[in-house]
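Engineer: Take a look at work34.cif, mmCIF, C-alpha atoms:
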data_upload
#
loop_
_atom_site.label_atom_id
_atom_site.label_comp_id
_atom_site.auth_asym_id
_atom_site.auth_seq_id
_atom_site.Cartn_x
_atom_site.Cartn_y
_atom_site.Cartn_z
CA MET T 197 46.52 145.11 121.66
CA ALA T 198 48.49 148.14 122.82
CA ARG T 199 48.95 148.46 126.56
CA GLU T 200 48.87 151.68 128.52
CA LEU T 201 50.85 152.48 131.64
CA GLY T 202 47.77 151.95 133.75
CA ASP T 203 47.41 148.37 132.55
CA VAL T 204 50.74 147.33 134.00
CA LEU T 205 51.18 149.59 137.01
CA HIS T 206 49.77 147.03 139.40
CA TYR T 207 52.72 144.76 138.62
CA PHE T 208 55.07 147.33 140.12
CA LEU T 209 53.23 149.18 142.84
CA ASP T 210 52.95 148.06 146.42
CA GLU T 211 49.22 147.99 146.90
CA ASP T 212 49.68 147.63 150.67
CA ALA T 213 51.62 150.85 150.88
CA PRO T 214 50.08 153.55 153.07
CA HIS T 215 47.86 155.77 150.96
CA GLY T 216 48.67 159.07 152.64
CA ARG T 217 49.98 162.06 150.75
CA ALA T 218 53.32 161.76 149.02
CA ALA T 219 56.34 163.10 150.84
CA ARG T 220 56.76 166.82 150.45
CA CYS T 221 59.88 168.62 149.39
CA LEU T 222 61.20 171.78 150.92
CA ALA T 223 63.69 173.44 148.59
CA LEU T 224 66.02 176.02 150.03
CA VAL T 225 67.02 178.30 147.18
CA ALA T 226 70.58 179.26 148.00
CA GLU T 227 74.04 179.39 146.47
CA PRO T 228 76.38 176.49 147.24
CA ASP T 229 78.69 178.85 149.12
CA GLU T 230 75.90 180.02 151.44
CA LEU T 231 77.12 177.84 154.25
CA LEU T 232 74.39 178.84 156.65
CA GLY T 233 71.82 177.50 154.20
CA VAL T 234 73.37 174.05 154.18
CA ALA T 235 73.67 174.15 157.96
CA LEU T 236 70.02 175.20 158.25
CA LEU T 237 68.87 172.23 156.18
CA TRP T 238 70.63 169.57 158.16
CA ASN T 239 69.70 171.18 161.45
CA LEU T 240 66.08 171.27 160.29
CA ALA T 241 66.32 167.61 159.30
CA HIS T 242 67.63 166.87 162.79
CA GLU T 243 64.83 168.87 164.45
CA LEU T 244 62.10 167.25 162.35
CA ALA T 245 63.44 163.82 163.24
CA SER T 246 63.47 164.85 166.91
CA ARG T 247 59.81 165.83 166.55
CA GLY T 248 58.88 162.35 165.32
CA SER T 249 58.83 163.04 161.59
CA ALA T 250 60.95 161.34 159.01
CA ALA T 251 63.30 163.60 157.08
CA ALA T 252 65.28 162.93 153.96
CA TRP T 253 68.08 165.29 153.19
CA VAL T 254 69.28 165.45 149.60
CA THR T 255 72.77 166.92 149.63
CA SER T 256 75.22 167.76 146.92
CA ILE T 257 78.90 166.99 146.74
CA SER T 258 79.74 170.62 147.44
CA ASP T 259 78.08 170.26 150.85
CA GLU T 260 80.50 167.50 151.84
CA GLU T 261 82.72 169.64 154.05
CA LEU T 262 79.78 170.68 156.17
CA LEU T 263 78.14 167.33 156.65
CA PRO T 264 77.64 166.41 160.28
CA GLY T 265 79.94 163.79 161.69
CA GLU T 266 77.17 162.02 163.58
CA VAL T 267 74.24 160.07 162.32
CA THR T 268 70.80 161.12 163.52
CA PRO T 269 68.21 158.35 163.64
CA GLY T 270 65.23 159.21 161.46
CA ILE T 271 67.23 161.12 158.87
CA THR T 272 67.86 159.64 155.47
CA ARG T 273 70.78 161.29 153.70
CA LEU T 274 71.08 161.01 149.97
CA LEU T 275 74.18 162.36 148.30
CA SER T 276 73.22 163.57 144.85
CA PRO T 277 75.64 164.29 142.00
CA ALA T 278 72.95 166.47 140.36
CA THR T 279 74.12 169.34 138.22
CA ASP T 280 70.69 170.55 137.16
CA LEU T 281 67.04 170.50 138.13
CA GLY T 282 66.43 167.19 136.34
CA GLY T 283 69.11 165.41 138.33
CA LEU T 284 67.93 166.94 141.55
CA ALA T 285 64.30 165.99 140.83
CA ARG T 286 65.36 162.37 140.35
CA ALA T 287 67.21 162.42 143.67
CA VAL T 288 64.25 164.00 145.44
CA ARG T 289 61.91 161.35 143.99
CA GLU T 290 64.26 158.66 145.23
CA ALA T 291 64.34 160.27 148.67
CA SER T 292 60.53 160.54 148.63
CA ALA T 293 60.28 156.84 147.86
CA LYS T 294 62.58 156.04 150.79
CA LEU T 295 60.45 158.17 153.09
CA ARG T 296 57.27 156.48 151.98
CA ALA T 297 58.87 153.13 152.64
CA SER T 298 59.55 154.23 156.22
CA ARG T 299 55.77 154.68 156.67
CA VAL T 300 56.34 157.76 158.82
CA PRO T 301 55.12 161.14 157.52
CA GLY T 302 58.13 162.95 156.24
CA LEU T 303 59.69 165.84 154.44
CA VAL T 304 62.46 165.91 151.84
CA LEU T 305 64.88 168.81 152.25
CA THR T 306 67.20 169.98 149.54
CA ARG T 307 69.03 173.01 148.22
CA VAL T 308 68.46 174.45 144.76
CA PRO T 309 71.08 176.87 143.41
CA PRO T 310 69.37 179.97 141.92
CA ALA T 311 71.21 179.42 138.63
CA TRP T 312 69.27 176.20 138.10
CA LEU T 313 65.88 177.88 138.21
CA GLU T 314 63.96 177.75 134.97
CA PRO T 315 60.22 177.50 134.34
CA GLY T 316 58.77 174.08 133.66
CA PRO T 317 57.39 170.97 135.28
CA LEU T 318 60.62 170.23 137.18
CA ALA T 319 60.54 173.64 138.83
CA ARG T 320 56.88 173.15 139.70
CA GLU T 321 57.70 169.81 141.22
CA LEU T 322 60.65 170.98 143.28
CA LEU T 323 59.72 174.52 144.22
CA ALA T 324 56.12 174.14 145.35
CA ARG T 325 57.50 174.72 148.85
CA ALA T 326 60.52 176.94 148.62
CA LEU T 327 62.48 178.56 151.40
CA LEU T 328 64.71 181.61 151.34
CA LEU T 329 67.11 182.87 153.95
CA SER T 330 66.95 186.63 154.25
CA VAL T 331 68.97 189.19 156.15
CA PRO T 332 67.66 192.55 157.35
CA GLY T 333 68.52 195.68 155.40
CA ALA T 334 67.89 197.00 151.92
CA GLU T 335 70.44 194.79 150.19
CA GLY T 336 69.22 191.57 151.77
CA ARG T 337 65.63 192.55 151.11
CA ALA T 338 66.33 193.25 147.43
CA GLU T 339 68.03 189.89 147.01
CA THR T 340 65.14 188.06 148.67
CA LEU T 341 62.61 189.88 146.51
CA ALA T 342 64.57 189.04 143.37
CA ARG T 343 64.85 185.37 144.29
CA GLY T 344 61.19 185.27 145.29
CA ALA T 345 60.16 186.77 141.95
CA ARG T 346 62.29 184.25 140.10
CA ILE T 347 60.79 181.34 142.02
CA ALA T 348 57.28 182.66 141.30
CA ARG T 349 58.08 182.86 137.58
CA CYS T 350 59.30 179.27 137.56
CA CYS T 351 56.55 177.93 139.81
CA PRO T 352 53.55 180.27 139.99
CA ASP T 353 51.89 178.26 142.77
CA ALA T 354 54.99 178.14 144.95
CA ARG T 355 54.65 178.78 148.64
CA ILE T 356 57.72 180.85 149.29
CA GLY T 357 58.87 180.78 152.89
CA VAL T 358 61.34 183.17 154.44
CA THR T 359 63.50 182.62 157.48
CA LEU T 360 65.23 185.73 158.76
CA HIS T 361 68.82 185.41 159.94
CA GLY T 362 71.51 187.73 161.10
CA VAL T 363 69.09 189.29 163.59
CA ARG T 364 69.77 189.92 167.28
CA SER T 365 66.20 190.02 168.52
CA VAL T 366 62.68 188.95 167.63
CA SER T 367 61.64 192.60 167.26
CA GLU T 368 64.44 193.20 164.74
CA ALA T 369 63.28 190.15 162.79
CA ALA T 370 59.65 191.33 162.92
CA ALA T 371 60.63 194.73 161.52
CA ALA T 372 62.70 193.09 158.78
CA PHE T 373 59.84 190.77 157.79
CA ASP T 374 57.36 193.66 157.79
CA ALA T 375 59.65 195.61 155.45
CA LEU T 376 60.02 192.59 153.17
CA ALA T 377 56.30 191.88 153.07
CA GLY T 378 55.59 195.55 152.42
CA ALA T 379 58.01 195.65 149.50
CA ALA T 380 56.64 192.46 147.93
CA SER T 381 54.49 192.93 144.84
CA GLU T 382 51.54 191.12 146.46
CA PRO T 383 50.55 190.95 150.10
CA GLY T 384 51.22 187.51 151.53
CA SER T 385 53.79 186.64 148.86
CA PHE T 386 56.06 185.31 151.55
CA TRP T 387 55.27 182.89 154.32
CA SER T 388 57.18 183.56 157.49
CA TYR T 389 59.19 180.68 158.88
CA GLY T 390 60.69 182.21 161.96
CA LEU T 391 64.21 183.44 162.44
CA LEU T 392 67.71 182.35 163.27
CA LEU T 393 69.05 184.53 166.03
CA GLU T 394 72.63 185.63 165.76
CA ASP T 395 74.37 183.46 168.30
CA HIS T 396 78.03 182.49 168.38
CA ARG T 397 76.97 179.01 169.47
CA LEU T 398 75.37 178.47 166.11
CA TYR T 399 78.77 178.83 164.45
CA GLU T 400 80.50 176.78 167.15
CA ALA T 401 78.12 173.95 166.38
CA LEU T 402 78.71 174.26 162.65
CA LEU T 403 82.47 174.13 163.12
CA ALA T 404 82.05 171.10 165.35
CA ARG T 405 79.83 169.57 162.62
CA ARG T 406 77.15 168.79 165.17
CA PRO T 407 73.44 169.69 165.18
CA VAL T 408 72.96 172.88 167.17
CA ALA T 409 70.32 171.26 169.34
CA ARG T 410 72.78 168.58 170.35
CA HIS T 411 75.80 170.83 170.70
CA CYS T 412 74.10 173.50 172.82
CA PRO T 413 70.48 172.51 173.40
CA GLU T 414 69.56 175.49 175.58
CA SER T 415 71.10 178.17 173.37
CA ARG T 416 69.03 180.82 171.63
CA ALA T 417 70.10 179.34 168.31
CA ALA T 418 68.74 175.92 169.25
CA HIS T 419 65.41 177.38 170.38
CA ALA T 420 65.12 179.35 167.14
CA LEU T 421 65.82 176.27 165.00
CA ARG T 422 63.23 174.26 166.92
CA ASP T 423 60.74 177.03 166.25
CA VAL T 424 61.42 177.03 162.48
CA ALA T 425 61.03 173.24 162.40
CA ARG T 426 57.77 173.48 164.34
CA LEU T 427 56.33 176.01 161.88
CA LEU T 428 57.29 173.87 158.90
CA GLN T 429 55.90 170.71 160.42
CA GLU T 430 52.62 172.33 161.46
CA ASP T 431 52.04 173.78 158.00
CA TRP T 432 52.85 170.59 156.24
CA GLN T 433 50.66 168.51 158.58
CA GLY T 434 47.89 171.07 158.13
CA ASP T 435 48.13 170.67 154.36
CA ALA T 436 47.82 166.92 154.65
CA ARG T 437 44.54 167.15 156.59
CA MET V 75 28.95 147.34 117.04
CA PRO V 76 30.02 145.40 120.17
CA ALA V 77 29.79 147.46 123.36
CA GLU V 78 33.52 147.06 124.13
CA ARG V 79 34.53 148.31 120.69
CA ARG V 80 32.09 151.20 120.90
CA ALA V 81 33.53 152.23 124.28
CA ALA V 82 37.05 152.15 122.82
CA ARG V 83 35.97 154.34 119.90
CA GLU V 84 34.27 156.81 122.22
CA ARG V 85 37.37 156.99 124.36
CA LEU V 86 39.50 157.59 121.29
CA ALA V 87 37.24 160.47 120.29
CA LEU V 88 37.43 161.87 123.80
CA ARG V 89 41.25 161.69 123.76
CA GLY V 90 41.30 163.69 120.55
CA ALA V 91 38.91 166.30 121.94
CA LEU V 92 40.99 166.67 125.11
CA LEU V 93 44.03 167.46 122.99
CA ARG V 94 42.08 170.33 121.41
CA LEU V 95 41.41 171.99 124.77
CA THR V 96 43.42 174.92 126.09
CA PRO V 97 45.67 173.84 127.68
CA PRO V 98 45.63 170.50 125.87
CA LEU V 99 45.26 167.40 128.00
CA GLU V 100 47.38 164.49 126.82
CA SER V 101 46.24 161.04 127.80
CA VAL V 102 48.86 159.08 129.76
CA ALA V 103 46.77 156.12 130.95
CA GLU V 104 43.42 154.69 129.99
CA ASP V 105 40.89 152.52 131.75
CA VAL V 106 43.01 152.42 134.91
CA LEU V 107 41.79 150.29 137.79
CA GLY V 108 41.48 152.89 140.51
CA LEU V 109 39.62 152.74 143.79
CA VAL V 110 37.12 149.90 143.27
CA SER V 111 36.15 151.13 139.80
CA ARG V 112 38.04 152.13 136.67
CA ILE V 113 39.25 155.59 135.69
CA GLU V 114 38.52 156.32 132.06
CA LEU V 115 41.47 158.59 131.36
CA VAL V 116 44.42 160.00 133.27
CA THR V 117 45.86 163.02 131.51
CA ARG V 118 48.60 165.58 131.89
CA ASP V 119 48.76 169.17 130.76
CA PRO V 120 51.96 170.70 129.28
CA ASP V 121 53.16 171.57 132.80
CA GLY V 122 52.72 168.00 133.99
CA ALA V 123 49.62 168.67 136.11
CA VAL V 124 47.47 165.55 136.30
CA THR V 125 43.75 165.50 135.50
CA ILE V 126 41.43 162.53 135.76
CA VAL V 127 38.75 162.56 133.07
CA LEU V 128 35.45 160.80 133.65
CA THR V 129 32.36 160.84 131.48
CA ALA V 130 28.80 160.61 132.69
CA ALA V 131 25.46 160.06 131.04
CA THR V 132 22.84 162.72 131.66
CA GLY V 133 21.46 162.12 135.12
CA GLY V 134 24.54 160.28 136.31
CA ASP V 135 26.81 163.30 136.77
CA LEU V 136 26.31 163.86 140.49
CA ALA V 137 27.33 160.31 141.34
CA ARG V 138 30.27 160.50 138.93
CA LEU V 139 31.44 163.69 140.63
CA ALA V 140 31.69 161.89 143.95
CA GLU V 141 33.39 158.93 142.30
CA GLY V 142 35.84 161.23 140.52
CA LEU V 143 36.83 162.98 143.74
CA ALA V 144 37.48 159.63 145.37
CA GLN V 145 39.62 158.58 142.39
CA CYS V 146 41.61 161.85 142.62
CA ALA V 147 42.33 161.12 146.29
CA TRP V 148 43.36 157.59 145.32
CA LEU V 149 45.65 158.69 142.51
CA GLU V 150 47.36 161.67 144.14
CA PRO V 151 49.73 159.71 146.43
CA ARG V 152 50.64 157.44 143.51
CA ILE V 153 51.93 160.14 141.19
CA ASP V 154 55.48 159.84 142.54
CA ASP V 155 55.38 156.10 141.82
CA TRP V 156 54.20 156.76 138.29
CA ASN V 157 57.04 159.21 137.86
CA GLN V 158 59.50 156.56 138.95
CA LEU V 159 58.07 154.04 136.52
CA ALA V 160 57.75 156.50 133.67
CA PRO V 161 59.96 159.53 134.37
CA HIS V 162 59.45 160.82 130.84
CA LEU V 163 55.87 161.69 131.76
CA GLY V 164 57.13 164.41 134.13
CA LEU V 165 53.94 164.40 136.19
CA ALA V 166 53.74 167.26 138.68
CA SER V 167 53.09 165.48 141.95
CA GLU V 168 52.84 168.65 144.02
CA ALA V 169 50.09 170.11 141.87
CA GLY V 170 47.55 167.56 143.11
CA VAL V 171 45.09 165.73 140.87
CA ARG V 172 42.17 167.55 139.26
CA LEU V 173 38.92 166.04 138.06
CA LEU V 174 37.39 166.88 134.70
CA LEU V 175 33.85 165.58 134.41
CA ALA V 176 32.35 165.41 130.93
CA CYS V 177 28.60 165.04 130.53
CA PRO V 178 25.99 166.11 127.94
CA ARG V 179 23.99 168.05 130.55
CA PHE V 180 24.76 168.79 134.18
CA ASP V 181 22.46 168.68 137.17
CA ASP V 182 22.32 171.98 139.08
CA ARG V 183 23.55 170.16 142.19
CA THR V 184 26.65 169.02 140.33
CA ARG V 185 27.33 172.57 139.16
CA THR V 186 26.93 173.94 142.68
CA ALA V 187 29.13 171.24 144.20
CA ALA V 188 31.83 171.81 141.58
CA GLU V 189 31.70 175.56 142.18
CA SER V 190 32.16 175.10 145.90
CA LEU V 191 35.15 172.84 145.33
CA GLY V 192 36.78 175.36 143.03
CA SER V 193 37.99 175.15 139.45
CA GLY V 194 41.42 174.04 140.67
CA ARG V 195 39.93 170.73 141.83
CA VAL V 196 36.99 170.09 139.54
CA GLY V 197 36.15 171.16 136.02
CA LEU V 198 32.86 170.48 134.25
CA ILE V 199 32.73 170.18 130.51
CA GLU V 200 29.81 169.50 128.19
CA LEU V 201 30.26 166.45 126.02
CA LEU V 202 28.51 166.88 122.70
CA PRO V 203 28.50 164.33 119.87
CA ARG V 204 29.99 165.57 116.60
CA GLY V 205 29.10 163.00 114.02
CA ASP V 206 29.57 159.30 114.64
CA LEU V 207 33.27 159.34 115.34
CA ASP V 208 33.97 162.56 117.17
CA VAL V 209 32.90 164.56 120.19
CA GLU V 210 33.08 168.21 121.09
CA LEU V 211 34.00 169.40 124.57
CA ARG V 212 32.60 172.72 125.69
CA PRO V 213 33.86 174.00 129.07
CA LEU V 214 31.17 175.43 131.31
CA PRO V 215 31.79 179.02 132.30
CA SER V 216 32.88 179.15 135.93
CA ALA V 217 30.56 181.16 138.19
CA SER V 218 33.60 182.10 140.23
CA ALA V 219 35.29 183.77 137.24
CA GLY V 220 35.94 187.39 138.00
CA ARG V 221 35.73 186.98 141.73
CA PRO V 222 38.68 188.34 143.68
CA ALA V 223 41.31 185.79 144.59
CA PRO V 224 40.96 184.41 148.11
CA ALA V 225 42.98 186.16 150.75
CA PRO V 226 46.34 184.56 151.46
CA ARG V 227 46.27 182.22 154.41
CA ILE V 228 49.32 183.73 155.95
CA GLY V 229 49.44 187.31 157.08
CA THR V 230 52.23 189.67 156.43
CA SER V 231 53.84 189.46 159.84
CA LEU V 232 56.61 187.40 161.31
CA ARG V 233 55.59 184.02 162.68
CA THR V 234 57.56 182.80 165.66
CA GLY V 235 57.06 181.28 169.06
CA LEU V 236 60.12 183.12 170.39
CA ARG V 237 60.07 186.28 172.50
CA ASP V 238 62.70 188.88 173.22
#
Is it possible to give me this structure as structure tokens?
Structural biologist:
Amino acid sequence: MARELGDVLHYFLDEDAPHGRAARCLALVAEPDELLGVALLWNLAHELASRGSAAAWVTSISDEELLPGEVTPGITRLLSPATDLGGLARAVREASAKLRASRVPGLVLTRVPPAWLEPGPLARELLARALLLSVPGAEGRAETLARGARIARCCPDARIGVTLHGVRSVSEAAAAFDALAGAASEPGSFWSYGLLLEDHRLYEALLARRPVARHCPESRAAHALRDVARLLQEDWQGDAR
Amino acid sequence: MPAERRAARERLALRGALLRLTPPLESVAEDVLGLVSRIELVTRDPDGAVTIVLTAATGGDLARLAEGLAQCAWLEPRIDDWNQLAPHLGLASEAGVRLLLACPRFDDRTRTAAESLGSGRVGLIELLPRGDLDVELRPLPSASAGRPAPAPRIGTSLRTGLRD
């Protein structure tokens, strides 16, 4: 008699595992040479761990030079040799499994190069929660709109978040986000995830390969990063309810 | 015909009918032991989105709806595990698990409940016999069709706890 997957699953699955929602993935869509993007991800991982969440950070070999020198408790780091969406999806699933094993609600963070984006189930799996870094001005806005449109083509249900950077004040960031939202094809196309204030301490921390919050905890950059992490965590916990 | 064999034949007919839907639903697991009871079929669409399919006899649809929702909640956190065990299935874990309830005739309460849950979570489909060996599935028109899409949850302004 032929057996289906369902007939044998119970041999493999841990029936005592917590039955909460699966770990979520936040995919930053950015080029490998966008150093701030890589720095944002590991700083976010650090902040989420500081806020009591588990975080798994799936990095690529090209991120090696930027990896922090210190280990942060609560962060799982998984170095992935992925060269396409399929490889990255496998790494993210592995990271998700590690998070579930930790039995603490968690988030997987990873970076997806724009060149890898193509419609299909892998894109829907990885890009359901996407994040873009955007700078003020027409050029930055156009690039964000183009990447947002591409993500939406690959994953129509994607929640596309935007974090503004390169801004000197909250009011400048608010104006930049208003302009971006106004230029988007549909209202509410982008979810705002705060801003990264221009602060020389941010770059000092990156050069020192330390989390900003540990290098200069009272700096504007550290406060801004905490705020982005808070917004992400609140949304993701709200989804799970 | 023995009851077990008849159930297997009916399930086979249902699998065939699901493949004729748009989008087609391909069966990936059958008679799965879910939460307390068994799930008749677990299917995927071409994008990998997972749908649980349950059948109900006339009069039993309202109870099956509740059971199906419970099974969706049970299955959803397991999709990543299924993907690890059978990566070729390419199940879309982030898309959630949808319920498709097939029944010859639906109670008005079932229709209303399904409407309130939304077509993204629950679909109702009429199950009509077509000869001895086949069934026909006829999707119920959704009362929400044509309604404007819900407003986005997030406004169009910057969210931040920071101040200048």
Engineer: Go through the shown structure with the PyMOL selection byres ((chain T and resi 226) around 8) and write out the matching residues as a ChimeraX atom specification.
Structural biologist: /T:224-225,227-228,230,233,307-310,328-329
Engineer: Point out the residue among V:Gly108, V:Gly122, V:Gly235, V:Gly205 with the least atom-to-atom distance to Gly170 in chain V, counting all atoms listed in the file.
Structural biologist: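 The closest residue to Gly170 in chain V is V:Gly122.
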Engineer: Give me the residues near Leu305 in chain T as number ranges by chain, where near means some atom within 10 Å (using only C-alpha atoms) and where sequence neighbours in that chain fewer than 3 positions away do not count.
Structural biologist: T: 220-224, 237-238, 240-241, 251-255, 273, 288, 291, 302, 326
Engineer: Take CA of Gly344 in chain T and CA of Val366 in chain T and report the distance between them in Å, one decimal.
Structural biologist: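 Those two atoms sit 22.7 Å apart.
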Engineer: Expand the PyMOL selection byres ((chain T and resi 332) around 10) into the explicit residue set it covers here, and present it as a PyMOL selection string.
Structural biologist: chain T and resi 330-331+333-337+360-363+368-373+375-376
Engineer: For the PyMOL selection byres ((chain V and resi 117) around 9), applied here, can you spell out every residue it catches as number ranges by chain?
Structural biologist: V: 92, 99-104, 115-116, 118-119, 122-127
Engineer: So that I have them on file, write out the residues from the current selection with C-alpha atoms, as a PDB file, keeping the file's coordinate frame.
Structural biologist:
ATOM      1  CA  LEU V  92      40.990 166.670 125.110  1.00  0.00           C
ATOM      2  CA  LEU V  99      45.260 167.400 128.000  1.00  0.00           C
ATOM      3  CA  GLU V 100      47.380 164.490 126.820  1.00  0.00           C
ATOM      4  CA  SER V 101      46.240 161.040 127.800  1.00  0.00           C
ATOM      5  CA  VAL V 102      48.860 159.080 129.760  1.00  0.00           C
ATOM      6  CA  ALA V 103      46.770 156.120 130.950  1.00  0.00           C
ATOM      7  CA  GLU V 104      43.420 154.690 129.990  1.00  0.00           C
ATOM      8  CA  LEU V 115      41.470 158.590 131.360  1.00  0.00           C
ATOM      9  CA  VAL V 116      44.420 160.000 133.270  1.00  0.00           C
ATOM     10  CA  ARG V 118      48.600 165.580 131.890  1.00  0.00           C
ATOM     11  CA  ASP V 119      48.760 169.170 130.760  1.00  0.00           C
ATOM     12  CA  GLY V 122      52.720 168.000 133.990  1.00  0.00           C
ATOM     13  CA  ALA V 123      49.620 168.670 136.110  1.00  0.00           C
ATOM     14  CA  VAL V 124      47.470 165.550 136.300  1.00  0.00           C
ATOM     15  CA  THR V 125      43.750 165.500 135.500  1.00  0.00           C
ATOM     16  CA  ILE V 126      41.430 162.530 135.760  1.00  0.00           C
ATOM     17  CA  VAL V 127      38.750 162.560 133.070  1.00  0.00           C
TER      18      VAL V 127
END
Engineer: Could N, CA and C atoms be built for range 245-259 of chain T and written out as a CSV table (one decimal), in the frame of the given file?
Structural biologist:
chain,number,residue,atom,x,y,z
T,245,ALA,N,63.3,165.2,162.7
T,245,ALA,CA,63.4,163.8,163.2
T,245,ALA,C,63.2,163.8,164.7
T,246,SER,N,63.7,164.8,165.5
T,246,SER,CA,63.5,164.8,166.9
T,246,SER,C,62.0,165.0,167.2
T,247,ARG,N,61.2,165.6,166.3
T,247,ARG,CA,59.8,165.8,166.6
T,247,ARG,C,59.0,164.7,166.0
T,248,GLY,N,59.6,163.6,165.7
T,248,GLY,CA,58.9,162.4,165.3
T,248,GLY,C,58.6,162.2,163.9
T,249,SER,N,59.1,163.2,163.0
T,249,SER,CA,58.8,163.0,161.6
T,249,SER,C,60.0,162.4,160.9
T,250,ALA,N,59.8,161.8,159.8
T,250,ALA,CA,61.0,161.3,159.0
T,250,ALA,C,61.5,162.5,158.2
T,251,ALA,N,62.7,162.5,157.9
T,251,ALA,CA,63.3,163.6,157.1
T,251,ALA,C,64.3,163.0,156.2
T,252,ALA,N,64.3,163.4,154.9
T,252,ALA,CA,65.3,162.9,154.0
T,252,ALA,C,66.0,164.2,153.5
T,253,TRP,N,67.3,164.1,153.5
T,253,TRP,CA,68.1,165.3,153.2
T,253,TRP,C,68.9,165.0,151.9
T,254,VAL,N,68.6,165.7,150.9
T,254,VAL,CA,69.3,165.4,149.6
T,254,VAL,C,70.4,166.5,149.5
T,255,THR,N,71.6,166.0,149.6
T,255,THR,CA,72.8,166.9,149.6
T,255,THR,C,73.6,166.8,148.3
T,256,SER,N,74.4,167.8,148.1
T,256,SER,CA,75.2,167.8,146.9
T,256,SER,C,76.7,167.6,147.4
T,257,ILE,N,77.5,167.3,146.4
T,257,ILE,CA,78.9,167.0,146.7
T,257,ILE,C,79.6,168.2,147.3
T,258,SER,N,79.1,169.4,146.9
T,258,SER,CA,79.7,170.6,147.4
T,258,SER,C,79.4,170.8,148.9
T,259,ASP,N,78.4,170.1,149.4
T,259,ASP,CA,78.1,170.3,150.8
T,259,ASP,C,78.9,169.4,151.7
